[in-house]
Amino acid sequence: MSGNLIAEFRNPEVLNAALRRVKEAGHQALDAFTPYPVEGLDEELGIAPSRIRYAMLAGGLIVAACAFGLQWYSAVIDYPLNSGGRPLNSWQVFLLVPFEVGVFAAALSGVVAFLWSCGLPRLHHPLFEIPGFERATQDHYFLLVAAKADEAVGELRHVLEAAGAVVVTEVRQP
Amino acid sequence: MSPVLDPTLPAPHRWIASERASDVEVTQAIADPVFAPVGNAWWIALLVSLPFVLWLIASIGWLFYKGIGIWGINSTVVWGVAIANYVWWIGIGNAGTLISSMLLLTRQQWRGSINRFAEAMTLFAVAIAGIMPIIHLGRPIYAYWLAPYPNTMTLWPQWRSALVWDFWAIISYLLFSILFFYIALIPDLATMRDRTRTRAGQLLYGAFALGWRGSARHWRRLKTLHTTMAALGVPLVCSVHSIVGLDFAASLMPGWQESIFPPYFVLGAMYSGFAMVIILALAIRWGLSLQAIITANHFEVMGRILLMASIVMGYSYASEWFMAWYGGKHSERSLVAFEFAGTYAPLFWALLACNVVMPQALWFPAVRHSLPALLAIAVGINIGMWLERILIVWNTLSHDYMPSLWRSFHFTFWDWSFLIAPLGLFALLFLLFMRLVPSVSMFDMRELAHQEGAA
């Protein structure tokens with residue numbers, strides 16, 4: 001589909017205003033690229049809350065359970081050692097190690113889930129071909145929009161330019 | 001090097017001392033020093049720190065060759081500088097992530113100026129702390145026995161041992177801190193990738209930026225991940241330093257077997273860590289000309305935090321003394337008397353002066369606004385906190401239950417080596433960090449500048 005346009009703005013307020021106009025005109029806003037997380041932009045774009053936390057919970061609990069299991073197996077089954085008359089399954093102190101490694105495992109699962117859901121790492125992306133796109137990580141704000149129909153691309157370009165876009169570029173792929 | 005953001009006094013915004021701080025100005029102010037030619041001050045600092053690193057390597061080599069007898073430890077005072085160093089370094093190491101995640105969770109906007117280098121401080125300090133228990137082992141070649149692995153001896157680690165808890169706590173915490181540091185660095189690495197003019201820089205920053213392009217979807221997920229990691233980080237940090245406290249508190253020794261130790265250690269960690277952050281913030285602010293970004297107000301609030309922590313430290317010390325008296329055990333009461341009037345009494349009074357008395361000057365706004373005064377107090381606190389840790393070790397071991405075993409610790413050259421030389425390694429790592437990545441989080445600063453109305 002060739003109806004995608006990317007518009008470059010000088011500041012987030014103009015981008016937000018343009019986003020509203022694009023939606024009022026019936027077009028679809030796909031994504032925005034900004035140098036910092038602009039508050040409220042994700043709601044405007046209708047981005048669903050991420051489910052990274054479930055992955056973190058699962059990863060953390062599984063690894064913590066494995067760590068406890070390892071201690072239990074080694075201390076009770078494989079190498080029972082009576083140290084000062086303490087019970088072989090000293091579960092209270094066996095909770096320390098599972099907590100530590102569980103938190104780390106949760107973080108690691110979170111990072112993996114984050115990269116997976118973002119499609120990163122990615123060495124190249126078609127958007128990097130757009131002249132001036134390197135400013136998306138510095139000081140310019142980009143809005144990626146799809147026209148409601150192939151014929152409406154020209155109209156969409158007018159909407160963006162009227163809203164204050166510095167440059168509007170057509171993109172072949174998303 | 002002239003600063004891009006000219007600092008104006010008095011600061012027109014609460015956390016940005018510049019009339020205007022547009023996105024491009026913030027980016028230039030933070031990123032350009034990394035690309036700028038290396039200044040003389042940096043080279044001098046590097047050349048000063050290098051001999052210390054060599055000294056540390058030589059000391060470790062000599063220790064591995066000769067054994068731990070080169071230290072002033074003896075059959076009574078079996079712990080010494082290595083253990084105090086371990087607690088001190090991991091205390092500083094705990095503070096970075098603790099500060100960063102607590103300020104994130106409590107939505108303190110000013111964190112943006114300090115969190116990046118505070119987290120770097122954590123990584124380097126924890127790495128140095130991790131060396132200490134290993135060199136303290138009589139037979140360090142067997143350090144790997146702490147890890148559970150299938151072995152021909154059919155042995156397993158003793159999971160009830162505080163040393164094994166330490167091993168897991170340090171490893172988990174170090175790896176966690178690396179992840180926490182790295183994910184918040186990704187957007188800034190992308191900025192560096194897009195600003196650098198050299199091919200090598202583009203490849204290197206590009207590889208580590210993982211293809212970040214500032215998509216709103218990615219920002220949303222990064223924020224979720226970062227906040228959740230911060231929420232996990234606070235209990236993790238508390239547990240790590242609590243476990244360090246348990247190294248002492250899980251014993252039966254007078255002055256160590258106290259239930260106050262874990263929280264008291266966590267607070268001590270935050271205290272010395274904030275003091276270290278002030279020292280590093282002053283260095284970075286001066287070295288990279290970031291007067292507009294790390295403002296007088298930042299030092300003012302950090303001074304208040306130090307004051308609060310010093311009061312709680314004083315309360316902790318007092319409650320130790322009170323409980324020793326109130327508990328009525330002879331060994332405990334005798335230990336407190338030994339602390340105040342025994343062999344190490346001058347050091348003990350110095351510790352109280354550094355940690356409890358001197359920081360009271362921070363009640364005065366003039367002191368909180370004076371950078372030399374803050375620096376002096378921060379250095380004093382770090383010295384005081386090291387004294388606290390060494391005295392926890394020395395006093396109890398020198399004044400145990402059995403008077404016939406009472407002996408003192410005497411510093412040797414190699415004790416001084418392991419006390420001083422790691423500071424050089426820390427400085428070296430920090431100097432390299434300043435040259436490789438932006439020392440302040442650029443995207444946090446852009447957000448802050450927009451919120452403050454400076455952009």
# chains A, B, ... in the order shown; residues from 1 in each chain; ligands from 1
>>> closest_atom_pairs(of="chain A", to="chain B", cutoff="7 Å", atoms="only C-alpha atoms", output="Markdown table")
| residue | atom | partner | partner_atom | distance |
| --- | --- | --- | --- | --- |
| A:Asp31 | CA | B:Ala216 | CA | 6.3 |
| A:Ala32 | CA | B:Ala216 | CA | 5.3 |
| A:Phe33 | CA | B:Ser215 | CA | 4.3 |
| A:Thr34 | CA | B:Gly214 | CA | 5.2 |
| A:Pro35 | CA | B:Gly214 | CA | 6.1 |
| A:Tyr36 | CA | B:Phe443 | CA | 4.9 |
| A:Pro37 | CA | B:Trp219 | CA | 5.7 |
| A:Asp42 | CA | B:Ala216 | CA | 6.1 |
| A:Ile47 | CA | B:Arg217 | CA | 6.6 |
| A:Ser50 | CA | B:Arg221 | CA | 5.9 |
| A:Ile52 | CA | B:Leu225 | CA | 6.8 |
| A:Gln71 | CA | B:Trp159 | CA | 6.9 |
| A:Ser74 | CA | B:Trp156 | CA | 6.5 |
| A:Tyr79 | CA | B:Trp156 | CA | 6.9 |
| A:Val93 | CA | B:Arg160 | CA | 6.3 |
| A:Phe94 | CA | B:Trp159 | CA | 6.8 |
| A:Leu96 | CA | B:Trp165 | CA | 6.9 |
| A:Val97 | CA | B:Trp168 | CA | 6.2 |
| A:Glu100 | CA | B:Ala169 | CA | 5.7 |
| A:Val101 | CA | B:Ser172 | CA | 5.6 |
| A:Val103 | CA | B:Leu232 | CA | 6.5 |
| A:Phe104 | CA | B:Phe176 | CA | 5.3 |
| A:Ala107 | CA | B:Met229 | CA | 6.2 |
| A:Gly110 | CA | B:Leu225 | CA | 6.4 |
| A:Phe114 | CA | B:Arg221 | CA | 6.5 |
| A:Cys118 | CA | B:His218 | CA | 5.9 |
| A:Leu120 | CA | B:Leu210 | CA | 6.1 |
| A:Pro121 | CA | B:Leu210 | CA | 4.3 |
| A:Arg122 | CA | B:Gly211 | CA | 4.8 |
| A:Leu123 | CA | B:Gly211 | CA | 5.4 |
| A:His124 | CA | B:Gly211 | CA | 6.6 |
| A:Glu134 | CA | B:Asp194 | CA | 5.4 |
| A:Ala136 | CA | B:Gly214 | CA | 6.6 |
| A:Thr137 | CA | B:Thr191 | CA | 5.0 |
| A:Gln138 | CA | B:Thr191 | CA | 6.0 |
| A:Asp139 | CA | B:Asp23 | CA | 5.0 |
>>> residues_around(residues="segment 413-425 of chain B", least_positions_apart="3", cutoff="9 Å", atoms="only C-alpha atoms", output="PyMOL selection string")
chain B and resi 48-57+59-60+63+70-72+80-82+85+124+128+428-430
>>> write_last_selection(atoms="N, CA and C atoms", output="PDB file, in the first residue's frame")
ATOM      1  N   VAL B  48      46.544  10.104  36.520  1.00  0.00           N
ATOM      2  CA  VAL B  48      46.614   9.960  37.973  1.00  0.00           C
ATOM      3  C   VAL B  48      45.994   8.630  38.398  1.00  0.00           C
ATOM      4  N   SER B  49      44.914   8.233  37.739  1.00  0.00           N
ATOM      5  CA  SER B  49      44.219   7.022  38.192  1.00  0.00           C
ATOM      6  C   SER B  49      44.948   5.751  37.754  1.00  0.00           C
ATOM      7  N   LEU B  50      45.691   5.808  36.640  1.00  0.00           N
ATOM      8  CA  LEU B  50      46.330   4.584  36.139  1.00  0.00           C
ATOM      9  C   LEU B  50      47.297   3.919  37.131  1.00  0.00           C
ATOM     10  N   PRO B  51      48.204   4.684  37.773  1.00  0.00           N
ATOM     11  CA  PRO B  51      49.103   4.016  38.721  1.00  0.00           C
ATOM     12  C   PRO B  51      48.358   3.283  39.831  1.00  0.00           C
ATOM     13  N   PHE B  52      47.222   3.836  40.220  1.00  0.00           N
ATOM     14  CA  PHE B  52      46.449   3.168  41.270  1.00  0.00           C
ATOM     15  C   PHE B  52      45.911   1.826  40.775  1.00  0.00           C
ATOM     16  N   VAL B  53      45.515   1.799  39.498  1.00  0.00           N
ATOM     17  CA  VAL B  53      45.008   0.539  38.938  1.00  0.00           C
ATOM     18  C   VAL B  53      46.129  -0.488  38.912  1.00  0.00           C
ATOM     19  N   LEU B  54      47.329  -0.057  38.484  1.00  0.00           N
ATOM     20  CA  LEU B  54      48.466  -0.978  38.464  1.00  0.00           C
ATOM     21  C   LEU B  54      48.788  -1.440  39.887  1.00  0.00           C
ATOM     22  N   TRP B  55      48.708  -0.497  40.807  1.00  0.00           N
ATOM     23  CA  TRP B  55      48.961  -0.825  42.218  1.00  0.00           C
ATOM     24  C   TRP B  55      47.968  -1.893  42.694  1.00  0.00           C
ATOM     25  N   LEU B  56      46.699  -1.734  42.304  1.00  0.00           N
ATOM     26  CA  LEU B  56      45.693  -2.721  42.709  1.00  0.00           C
ATOM     27  C   LEU B  56      46.015  -4.086  42.110  1.00  0.00           C
ATOM     28  N   ILE B  57      46.371  -4.089  40.827  1.00  0.00           N
ATOM     29  CA  ILE B  57      46.674  -5.371  40.182  1.00  0.00           C
ATOM     30  C   ILE B  57      47.873  -6.031  40.876  1.00  0.00           C
ATOM     31  N   SER B  59      48.876  -5.543  43.922  1.00  0.00           N
ATOM     32  CA  SER B  59      48.496  -5.970  45.278  1.00  0.00           C
ATOM     33  C   SER B  59      47.748  -7.291  45.228  1.00  0.00           C
ATOM     34  N   ILE B  60      46.832  -7.405  44.255  1.00  0.00           N
ATOM     35  CA  ILE B  60      46.075  -8.657  44.160  1.00  0.00           C
ATOM     36  C   ILE B  60      47.028  -9.803  43.808  1.00  0.00           C
ATOM     37  N   LEU B  63      48.928 -10.712  46.860  1.00  0.00           N
ATOM     38  CA  LEU B  63      48.041 -11.397  47.807  1.00  0.00           C
ATOM     39  C   LEU B  63      47.835 -12.848  47.389  1.00  0.00           C
ATOM     40  N   ILE B  70      49.468 -11.177  54.547  1.00  0.00           N
ATOM     41  CA  ILE B  70      50.097  -9.867  54.308  1.00  0.00           C
ATOM     42  C   ILE B  70      49.280  -8.743  54.922  1.00  0.00           C
ATOM     43  N   TRP B  71      48.042  -9.019  55.274  1.00  0.00           N
ATOM     44  CA  TRP B  71      47.212  -8.002  55.917  1.00  0.00           C
ATOM     45  C   TRP B  71      47.447  -7.995  57.416  1.00  0.00           C
ATOM     46  N   GLY B  72      46.851  -7.033  58.083  1.00  0.00           N
ATOM     47  CA  GLY B  72      47.001  -6.944  59.532  1.00  0.00           C
ATOM     48  C   GLY B  72      46.051  -7.858  60.295  1.00  0.00           C
ATOM     49  N   GLY B  80      39.002  -7.998  58.074  1.00  0.00           N
ATOM     50  CA  GLY B  80      39.687  -6.706  58.095  1.00  0.00           C
ATOM     51  C   GLY B  80      39.215  -5.796  57.002  1.00  0.00           C
ATOM     52  N   VAL B  81      40.183  -5.207  56.324  1.00  0.00           N
ATOM     53  CA  VAL B  81      39.879  -4.178  55.340  1.00  0.00           C
ATOM     54  C   VAL B  81      39.044  -4.724  54.182  1.00  0.00           C
ATOM     55  N   ALA B  82      39.311  -5.964  53.774  1.00  0.00           N
ATOM     56  CA  ALA B  82      38.565  -6.501  52.625  1.00  0.00           C
ATOM     57  C   ALA B  82      37.067  -6.510  52.905  1.00  0.00           C
ATOM     58  N   ASN B  85      35.769  -2.922  53.080  1.00  0.00           N
ATOM     59  CA  ASN B  85      35.703  -2.412  51.709  1.00  0.00           C
ATOM     60  C   ASN B  85      34.491  -2.978  50.979  1.00  0.00           C
ATOM     61  N   PHE B 124      30.063   0.198  38.581  1.00  0.00           N
ATOM     62  CA  PHE B 124      31.493   0.119  38.863  1.00  0.00           C
ATOM     63  C   PHE B 124      31.721  -0.270  40.327  1.00  0.00           C
ATOM     64  N   ILE B 128      33.595  -3.634  41.843  1.00  0.00           N
ATOM     65  CA  ILE B 128      34.743  -3.594  42.761  1.00  0.00           C
ATOM     66  C   ILE B 128      34.401  -4.345  44.049  1.00  0.00           C
ATOM     67  N   LEU B 428      39.061   5.403  37.099  1.00  0.00           N
ATOM     68  CA  LEU B 428      39.376   5.068  35.706  1.00  0.00           C
ATOM     69  C   LEU B 428      38.109   4.661  34.958  1.00  0.00           C
ATOM     70  N   LEU B 429      37.323   3.773  35.577  1.00  0.00           N
ATOM     71  CA  LEU B 429      36.094   3.311  34.923  1.00  0.00           C
ATOM     72  C   LEU B 429      35.151   4.488  34.685  1.00  0.00           C
ATOM     73  N   PHE B 430      35.094   5.385  35.665  1.00  0.00           N
ATOM     74  CA  PHE B 430      34.180   6.509  35.535  1.00  0.00           C
ATOM     75  C   PHE B 430      34.636   7.476  34.445  1.00  0.00           C
TER      76      PHE B 430
END
>>> select_by_dssp(residues="segment 46-141 of chain A", states="alpha helix (DSSP H)", output="PyMOL selection string")
chain A and resi 52-72+91-94+96-118
>>> closest_residue(among="A:Ala162, A:Leu95, A:Ala149, A:Leu127", to="Leu15 of chain A", atoms="only C-alpha atoms")
A:Ala162
>>> atom_distance(atom1="atom CA of Gly130 of chain B", atom2="atom CA of Ala231 of chain B")
24.3 Å
>>> decode(residues="segment 46-86 of chain A", atoms="N, CA and C atoms", output="PDB file, in the first residue's frame")
ATOM      1  N   GLY A  46      -3.973   5.436  20.246  1.00  0.00           N
ATOM      2  CA  GLY A  46      -4.695   4.196  20.528  1.00  0.00           C
ATOM      3  C   GLY A  46      -3.778   3.003  20.696  1.00  0.00           C
ATOM      4  N   ILE A  47      -2.630   3.231  21.344  1.00  0.00           N
ATOM      5  CA  ILE A  47      -1.706   2.108  21.567  1.00  0.00           C
ATOM      6  C   ILE A  47      -2.159   1.346  22.813  1.00  0.00           C
ATOM      7  N   ALA A  48      -2.312   0.049  22.643  1.00  0.00           N
ATOM      8  CA  ALA A  48      -2.795  -0.771  23.754  1.00  0.00           C
ATOM      9  C   ALA A  48      -1.709  -0.872  24.826  1.00  0.00           C
ATOM     10  N   PRO A  49      -2.111  -0.973  26.105  1.00  0.00           N
ATOM     11  CA  PRO A  49      -1.110  -1.151  27.160  1.00  0.00           C
ATOM     12  C   PRO A  49      -0.296  -2.413  26.886  1.00  0.00           C
ATOM     13  N   SER A  50       0.976  -2.336  27.207  1.00  0.00           N
ATOM     14  CA  SER A  50       1.819  -3.482  26.877  1.00  0.00           C
ATOM     15  C   SER A  50       1.638  -4.581  27.923  1.00  0.00           C
ATOM     16  N   ARG A  51       1.943  -5.799  27.495  1.00  0.00           N
ATOM     17  CA  ARG A  51       1.769  -6.944  28.401  1.00  0.00           C
ATOM     18  C   ARG A  51       3.112  -7.474  28.886  1.00  0.00           C
ATOM     19  N   ILE A  52       4.112  -6.566  28.890  1.00  0.00           N
ATOM     20  CA  ILE A  52       5.450  -6.985  29.317  1.00  0.00           C
ATOM     21  C   ILE A  52       5.429  -7.535  30.741  1.00  0.00           C
ATOM     22  N   ARG A  53       4.565  -6.938  31.573  1.00  0.00           N
ATOM     23  CA  ARG A  53       4.594  -7.308  32.995  1.00  0.00           C
ATOM     24  C   ARG A  53       4.207  -8.766  33.235  1.00  0.00           C
ATOM     25  N   TYR A  54       3.343  -9.309  32.379  1.00  0.00           N
ATOM     26  CA  TYR A  54       2.982 -10.720  32.559  1.00  0.00           C
ATOM     27  C   TYR A  54       4.203 -11.606  32.321  1.00  0.00           C
ATOM     28  N   ALA A  55       4.965 -11.243  31.292  1.00  0.00           N
ATOM     29  CA  ALA A  55       6.183 -12.015  31.011  1.00  0.00           C
ATOM     30  C   ALA A  55       7.152 -11.916  32.187  1.00  0.00           C
ATOM     31  N   MET A  56       7.229 -10.709  32.773  1.00  0.00           N
ATOM     32  CA  MET A  56       8.140 -10.531  33.908  1.00  0.00           C
ATOM     33  C   MET A  56       7.696 -11.380  35.098  1.00  0.00           C
ATOM     34  N   LEU A  57       6.389 -11.360  35.344  1.00  0.00           N
ATOM     35  CA  LEU A  57       5.865 -12.144  36.473  1.00  0.00           C
ATOM     36  C   LEU A  57       6.157 -13.624  36.263  1.00  0.00           C
ATOM     37  N   ALA A  58       5.857 -14.105  35.044  1.00  0.00           N
ATOM     38  CA  ALA A  58       6.052 -15.530  34.770  1.00  0.00           C
ATOM     39  C   ALA A  58       7.526 -15.897  34.882  1.00  0.00           C
ATOM     40  N   GLY A  59       8.386 -15.114  34.239  1.00  0.00           N
ATOM     41  CA  GLY A  59       9.820 -15.415  34.264  1.00  0.00           C
ATOM     42  C   GLY A  59      10.355 -15.422  35.683  1.00  0.00           C
ATOM     43  N   GLY A  60       9.965 -14.406  36.451  1.00  0.00           N
ATOM     44  CA  GLY A  60      10.451 -14.306  37.822  1.00  0.00           C
ATOM     45  C   GLY A  60      10.003 -15.482  38.668  1.00  0.00           C
ATOM     46  N   LEU A  61       8.716 -15.830  38.569  1.00  0.00           N
ATOM     47  CA  LEU A  61       8.196 -16.916  39.410  1.00  0.00           C
ATOM     48  C   LEU A  61       8.813 -18.260  39.036  1.00  0.00           C
ATOM     49  N   ILE A  62       8.957 -18.493  37.722  1.00  0.00           N
ATOM     50  CA  ILE A  62       9.482 -19.796  37.293  1.00  0.00           C
ATOM     51  C   ILE A  62      10.919 -19.965  37.792  1.00  0.00           C
ATOM     52  N   VAL A  63      11.738 -18.938  37.584  1.00  0.00           N
ATOM     53  CA  VAL A  63      13.137 -19.060  37.991  1.00  0.00           C
ATOM     54  C   VAL A  63      13.251 -19.148  39.514  1.00  0.00           C
ATOM     55  N   ALA A  64      12.423 -18.367  40.224  1.00  0.00           N
ATOM     56  CA  ALA A  64      12.465 -18.437  41.687  1.00  0.00           C
ATOM     57  C   ALA A  64      12.090 -19.837  42.158  1.00  0.00           C
ATOM     58  N   ALA A  65      11.060 -20.435  41.519  1.00  0.00           N
ATOM     59  CA  ALA A  65      10.644 -21.790  41.898  1.00  0.00           C
ATOM     60  C   ALA A  65      11.767 -22.780  41.612  1.00  0.00           C
ATOM     61  N   CYS A  66      12.444 -22.612  40.475  1.00  0.00           N
ATOM     62  CA  CYS A  66      13.552 -23.508  40.149  1.00  0.00           C
ATOM     63  C   CYS A  66      14.673 -23.363  41.172  1.00  0.00           C
ATOM     64  N   ALA A  67      14.958 -22.110  41.571  1.00  0.00           N
ATOM     65  CA  ALA A  67      16.035 -21.895  42.542  1.00  0.00           C
ATOM     66  C   ALA A  67      15.678 -22.552  43.875  1.00  0.00           C
ATOM     67  N   PHE A  68      14.420 -22.417  44.262  1.00  0.00           N
ATOM     68  CA  PHE A  68      14.022 -23.071  45.517  1.00  0.00           C
ATOM     69  C   PHE A  68      14.128 -24.582  45.370  1.00  0.00           C
ATOM     70  N   GLY A  69      13.657 -25.081  44.220  1.00  0.00           N
ATOM     71  CA  GLY A  69      13.711 -26.525  43.973  1.00  0.00           C
ATOM     72  C   GLY A  69      15.134 -27.055  44.022  1.00  0.00           C
ATOM     73  N   LEU A  70      16.058 -26.292  43.456  1.00  0.00           N
ATOM     74  CA  LEU A  70      17.460 -26.717  43.461  1.00  0.00           C
ATOM     75  C   LEU A  70      17.978 -26.823  44.893  1.00  0.00           C
ATOM     76  N   GLN A  71      17.666 -25.816  45.702  1.00  0.00           N
ATOM     77  CA  GLN A  71      18.132 -25.851  47.093  1.00  0.00           C
ATOM     78  C   GLN A  71      17.499 -27.013  47.836  1.00  0.00           C
ATOM     79  N   TRP A  72      16.214 -27.190  47.619  1.00  0.00           N
ATOM     80  CA  TRP A  72      15.501 -28.251  48.324  1.00  0.00           C
ATOM     81  C   TRP A  72      16.080 -29.610  47.931  1.00  0.00           C
ATOM     82  N   TYR A  73      16.275 -29.821  46.616  1.00  0.00           N
ATOM     83  CA  TYR A  73      16.777 -31.102  46.148  1.00  0.00           C
ATOM     84  C   TYR A  73      18.174 -31.359  46.703  1.00  0.00           C
ATOM     85  N   SER A  74      19.046 -30.333  46.653  1.00  0.00           N
ATOM     86  CA  SER A  74      20.419 -30.578  47.090  1.00  0.00           C
ATOM     87  C   SER A  74      20.493 -30.746  48.605  1.00  0.00           C
ATOM     88  N   ALA A  75      19.674 -29.992  49.347  1.00  0.00           N
ATOM     89  CA  ALA A  75      19.800 -30.024  50.803  1.00  0.00           C
ATOM     90  C   ALA A  75      19.021 -31.181  51.433  1.00  0.00           C
ATOM     91  N   VAL A  76      17.969 -31.633  50.767  1.00  0.00           N
ATOM     92  CA  VAL A  76      17.132 -32.673  51.376  1.00  0.00           C
ATOM     93  C   VAL A  76      17.408 -34.048  50.762  1.00  0.00           C
ATOM     94  N   ILE A  77      17.556 -34.116  49.435  1.00  0.00           N
ATOM     95  CA  ILE A  77      17.666 -35.407  48.766  1.00  0.00           C
ATOM     96  C   ILE A  77      19.120 -35.793  48.495  1.00  0.00           C
ATOM     97  N   ASP A  78      19.836 -34.909  47.783  1.00  0.00           N
ATOM     98  CA  ASP A  78      21.122 -35.328  47.239  1.00  0.00           C
ATOM     99  C   ASP A  78      22.266 -35.214  48.239  1.00  0.00           C
ATOM    100  N   TYR A  79      22.190 -34.261  49.138  1.00  0.00           N
ATOM    101  CA  TYR A  79      23.328 -34.040  50.034  1.00  0.00           C
ATOM    102  C   TYR A  79      22.826 -33.598  51.395  1.00  0.00           C
ATOM    103  N   PRO A  80      22.064 -34.458  52.087  1.00  0.00           N
ATOM    104  CA  PRO A  80      21.531 -34.048  53.397  1.00  0.00           C
ATOM    105  C   PRO A  80      22.664 -33.904  54.402  1.00  0.00           C
ATOM    106  N   LEU A  81      22.727 -32.734  55.016  1.00  0.00           N
ATOM    107  CA  LEU A  81      23.814 -32.446  55.945  1.00  0.00           C
ATOM    108  C   LEU A  81      23.192 -31.824  57.181  1.00  0.00           C
ATOM    109  N   ASN A  82      23.370 -32.490  58.321  1.00  0.00           N
ATOM    110  CA  ASN A  82      22.802 -31.956  59.547  1.00  0.00           C
ATOM    111  C   ASN A  82      23.723 -30.867  60.079  1.00  0.00           C
ATOM    112  N   SER A  83      23.310 -29.604  59.898  1.00  0.00           N
ATOM    113  CA  SER A  83      24.157 -28.542  60.428  1.00  0.00           C
ATOM    114  C   SER A  83      23.476 -27.931  61.636  1.00  0.00           C
ATOM    115  N   GLY A  84      23.989 -28.277  62.806  1.00  0.00           N
ATOM    116  CA  GLY A  84      23.487 -27.721  64.054  1.00  0.00           C
ATOM    117  C   GLY A  84      22.048 -28.101  64.362  1.00  0.00           C
ATOM    118  N   GLY A  85      21.591 -29.235  63.863  1.00  0.00           N
ATOM    119  CA  GLY A  85      20.250 -29.698  64.177  1.00  0.00           C
ATOM    120  C   GLY A  85      19.153 -28.947  63.447  1.00  0.00           C
ATOM    121  N   ARG A  86      19.509 -28.150  62.448  1.00  0.00           N
ATOM    122  CA  ARG A  86      18.472 -27.433  61.706  1.00  0.00           C
ATOM    123  C   ARG A  86      17.757 -28.404  60.778  1.00  0.00           C
TER     124      ARG A  86
END
